[in-house]
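Trainee: Would you mind keeping the following structure in view while I ask a few things?
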Amino acid sequence: MNEGPPPPYGLYLHLPFCRARCGYCDFAVVTDRDNAQEEYLSRLLNEIRFWGERIEREPGSLYFGGGTPSRLPLPHWQRLLEALQRWFAFTPEIEITAEGNPESLSDEVLKGWRALGINRISVGVQSFQDRFLSLLDRLHSREGALEALDRIRSARFKNWSLDLIYGLPGQSVADWRRDLAEALRLEPPHLSFYNLILHPNLPTTQKALAAHTPDHEEIQSEMFLSAVETLEQAGYSVYELSNAALPGGECRHNLLYWTGGEWIGMGMSGASRFGGEEFANPASWETYLNLWETVPSSPPIRSRRPSRESALLDWVMLRLRTARGFHLRELEAALGHPPPEAFRSLLADLDRSGHLRSSGPKVALSPKGWLVHSEITTRILRVLAIE
């Protein structure tokens with residue numbers, strides 16, 4: 001029986017260079033290594049060749065994250081994309097996303113990206129209000145963000161996204177609604193809205209903890225529900241609990257993460273899930289450079305095959321982040337047997353309490369359910385006996 005071609009996988013390349021570290025940032029970035037970009041690029045090219053020689057399938061998406069990819073000079077971009085095209089043979093339909101910050105998205109960068117085949121841009125706006133941008137240690141202003149987004153539209157990029165953050169210190173629901181309204185006025189094909197993550201010991205975390213009021217959790221819940229309602233009324237599909245898109249604007253690459261797809265992550269801290277194995281590059285600059293100093297003959301990083309329990313946990317947790325959720329037939333295939341009766345009883349309880357968007361053959365959380373996504377995932381895993 002012909003099973004058809006394998007599903008497409010994704011490629012992720014981490015470009016860690018930043019002018020300064022933002023106060024909330026927990027990513028693997030460097031702020032003093034612009035003069036070492038050539039050295040880093042040589043390691044990326046080795047890694048591209050290594051994987052390109054071993055994977056015969058064509059990727060469906062390519063994502064450049066960071067860091068601030070838009071800080072990389074265009075000659076470096078040309079070398080990277082030429083190497084990727086050589087070793088992975090892209091089709092014309094591939095989605096190629098590059099992240100950028102407003103202060104470094106110049107006309108020259110945008111024109112160069114477009115000429116090199118980059119067809120999707122993700123812009124870290126975070127807020128359209130200067131006081132919140134200052135609180136986050138962002139380098140751009142409200143005006144700078146608007147000018148950058150104007151340049152993207154003038155460069156005729158049809159597919160682009162902007163990020164916003166809610167739950168900021170001192171941010172009211174009215175403040176958040178103003179940011180949403182400003183974003184929607186620009187009609188982005190895609191919009192990501194993230195709750196501020198309070199990573200330990202970071203400057204923004206300390207400001208947030210100092211500004212917390214007794215009702216801060218209720219305020220953040222109202223911000224989330226307001227975002228979902230506002231976006232859906234504006235014609236967007238909130239297809240994942242932090243992401244919304246106009247029809248056809250969903251990020252194909254990120255959908256791989258939530259729906260059990262495969263990807264290869266290259267560069268510092270680049271994480272991969274491929275061929276049933278999980279592995280990741282070191283987050284240390286020096287360790288990464290040493291690891292990929294040459295093109296190795298075998299994978300230089302240790303991989304692991306997730307346990308059945310771990311794989312099922314990820315399966316449930318990630319699919320419940322999406323508006324699609326999962327079908328009971330898919331769950332049965334993942335389990336290897338029909339779910340127990342206790343699972344159906346739990347679904348009935350969640351349906352009655354308004355935490356499900358749909359139940360029965362298809363299980364998907366409502367916005368109210370997304371607010372307690374972790375708790376619902378834990379309850380489901382418990383009745384499925386895969387905690």
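By convention here, the chains of the structure tokens are called A, B, ... in the order presented, each chain's residues are numbered starting at 1, and ligands are numbered starting at 1 in the order presented.
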When DSSP is applied to the backbone of this structure, which of stretch 45-281 of chain A are assigned helix (DSSP H, G or I)? Write them out as a ChimeraX atom specification.
Mentor: /A:45-52,69-71,74-88,102-104,107-116,130-135,142-154,173-185,203-211,216-233,252-258
Trainee: Any idea what's packed within 12 Å of A:Val29, counting only C-alpha atoms, ignoring anything in its chain fewer than 6 positions away? Could you give it as a list in words?
Mentor: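 Those residues are His14, Leu15, Pro16, Phe17, Cys18, Arg19, Ala20, Arg21, Cys22, Gly65, Gly66, Gly67, Thr68, Pro69, Gly267, Met268, Ser269, Gly270, Ala283, Ser284 and Trp285 of chain A.
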Trainee: Report as a PyMOL selection string: the residues of stretch 180-221 of chain A with a DSSP assignment of strand (DSSP E or B), based on the backbone of this structure.
Mentor: chain A and resi 190-195
Trainee: Using only C-alpha atoms, please write the residues we just selected to a file, as a compact mmCIF listing (two decimals), in the first residue's frame.
Mentor:
# COMPACT_ATOMS: atom_id res chain seq x y z
CA HIS A 190 -0.46 37.13 11.90
CA LEU A 191 -0.31 38.30 15.51
CA SER A 192 1.34 36.59 18.49
CA PHE A 193 0.29 37.63 22.00
CA TYR A 194 2.37 36.33 24.87
CA ASN A 195 1.88 36.50 28.61
Trainee: Just want the 8 Å neighbourhood of A:Leu11, counted on only C-alpha atoms, with same-chain residues fewer than 3 positions away dropped. Output as number ranges by chain.
Mentor: A: 59, 61-63, 263-266
Trainee: Between A:Leu346, A:Leu136, A:Ala364, A:Ala333, which residue has the minimum interatomic distance to A:Pro203, considering only C-alpha atoms?
Mentor: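 Selected residue with least distance to A:Pro203: A:Leu136.
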Trainee: Smallest atom-to-atom distance to A:Ser104: which of A:Ser70, A:Ser374, A:Gln206, A:Ser161, using only C-alpha atoms?
Mentor: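 Distance minimum relative to A:Ser104 lands on A:Ser70.
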Trainee: Find the residues near stretch 312-317 of chain A: any atom within 7 Å, counting only C-alpha atoms, skip ones fewer than 4 places away on the same chain, and give them as an mmCIF file with N, CA and C atoms, in the first residue's frame.
Mentor:
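Writing the result to selection-v6.cif gives the following:
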data_model
loop_
_atom_site.group_PDB
_atom_site.id
_atom_site.type_symbol
_atom_site.label_atom_id
_atom_site.label_comp_id
_atom_site.auth_asym_id
_atom_site.auth_seq_id
_atom_site.Cartn_x
_atom_site.Cartn_y
_atom_site.Cartn_z
ATOM 1 N N GLY A 260 3.170 17.634 16.560
ATOM 2 C CA GLY A 260 3.950 16.413 16.460
ATOM 3 C C GLY A 260 4.835 16.325 15.238
ATOM 4 N N ARG A 308 7.673 6.518 26.477
ATOM 5 C CA ARG A 308 6.281 6.528 26.026
ATOM 6 C C ARG A 308 5.477 7.547 26.835
ATOM 7 N N ARG A 321 -3.009 23.010 23.157
ATOM 8 C CA ARG A 321 -2.704 24.427 22.938
ATOM 9 C C ARG A 321 -3.379 24.948 21.675
ATOM 10 N N THR A 377 -4.500 19.617 31.356
ATOM 11 C CA THR A 377 -3.571 18.599 30.846
ATOM 12 C C THR A 377 -3.235 17.589 31.931
ATOM 13 N N LEU A 381 -4.012 13.573 31.814
ATOM 14 C CA LEU A 381 -2.933 12.586 31.939
ATOM 15 C C LEU A 381 -3.190 11.643 33.101
#
Trainee: With only C-alpha atoms as the basis for distance, which of A:Leu231, A:Leu371, A:Ala28, A:Leu241 is at the shortest distance from A:Glu218?
Mentor: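 Counting only C-alpha atoms, the residue closest to A:Glu218 is A:Leu371.
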Trainee: Tell me which protein, DNA and RNA residues are within 9 Å of A:Trp160, counting only C-alpha atoms, leaving out same-chain ones fewer than 2 positions away, and put them as a list in words.
Mentor: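 Non-adjacent residues within range: Thr97, Asn119, Arg120, Ile121, Ser122, Val123, Ile152, Arg153, Phe157, Lys158, Leu162, Pro188, Pro189, His190, Leu191 and Gly249 of chain A.
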Trainee: With 10 Å as the cut-off and only C-alpha atoms counted, what is the closest atom pair between each nearby residue of stretch 207-246 of chain A and stretch 250-256 of chain A? Distances in Å to one decimal, ordered by chain and number, as CSV.
Mentor:
residue,atom,partner,partner_atom,distance
A:Ser237,CA,A:Glu250,CA,8.9
A:Val238,CA,A:Glu250,CA,9.5
A:Tyr239,CA,A:Glu250,CA,7.8
A:Glu240,CA,A:Leu255,CA,8.9
A:Asn243,CA,A:Glu250,CA,8.3
A:Ala244,CA,A:Glu250,CA,7.4
A:Ala245,CA,A:Glu250,CA,5.5
A:Leu246,CA,A:Glu250,CA,7.5
Trainee: I'd like the contact shell of A:Ser353 - 12 Å cut-off, only C-alpha atoms, skipping same-chain residues fewer than 4 positions apart - returned as a list in words.
Mentor: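 Everything that qualifies: Leu346, Leu347, Ala348, Asp349, Arg357, Leu365, Ser366, Lys368, Gly369 and Ile376 of chain A.
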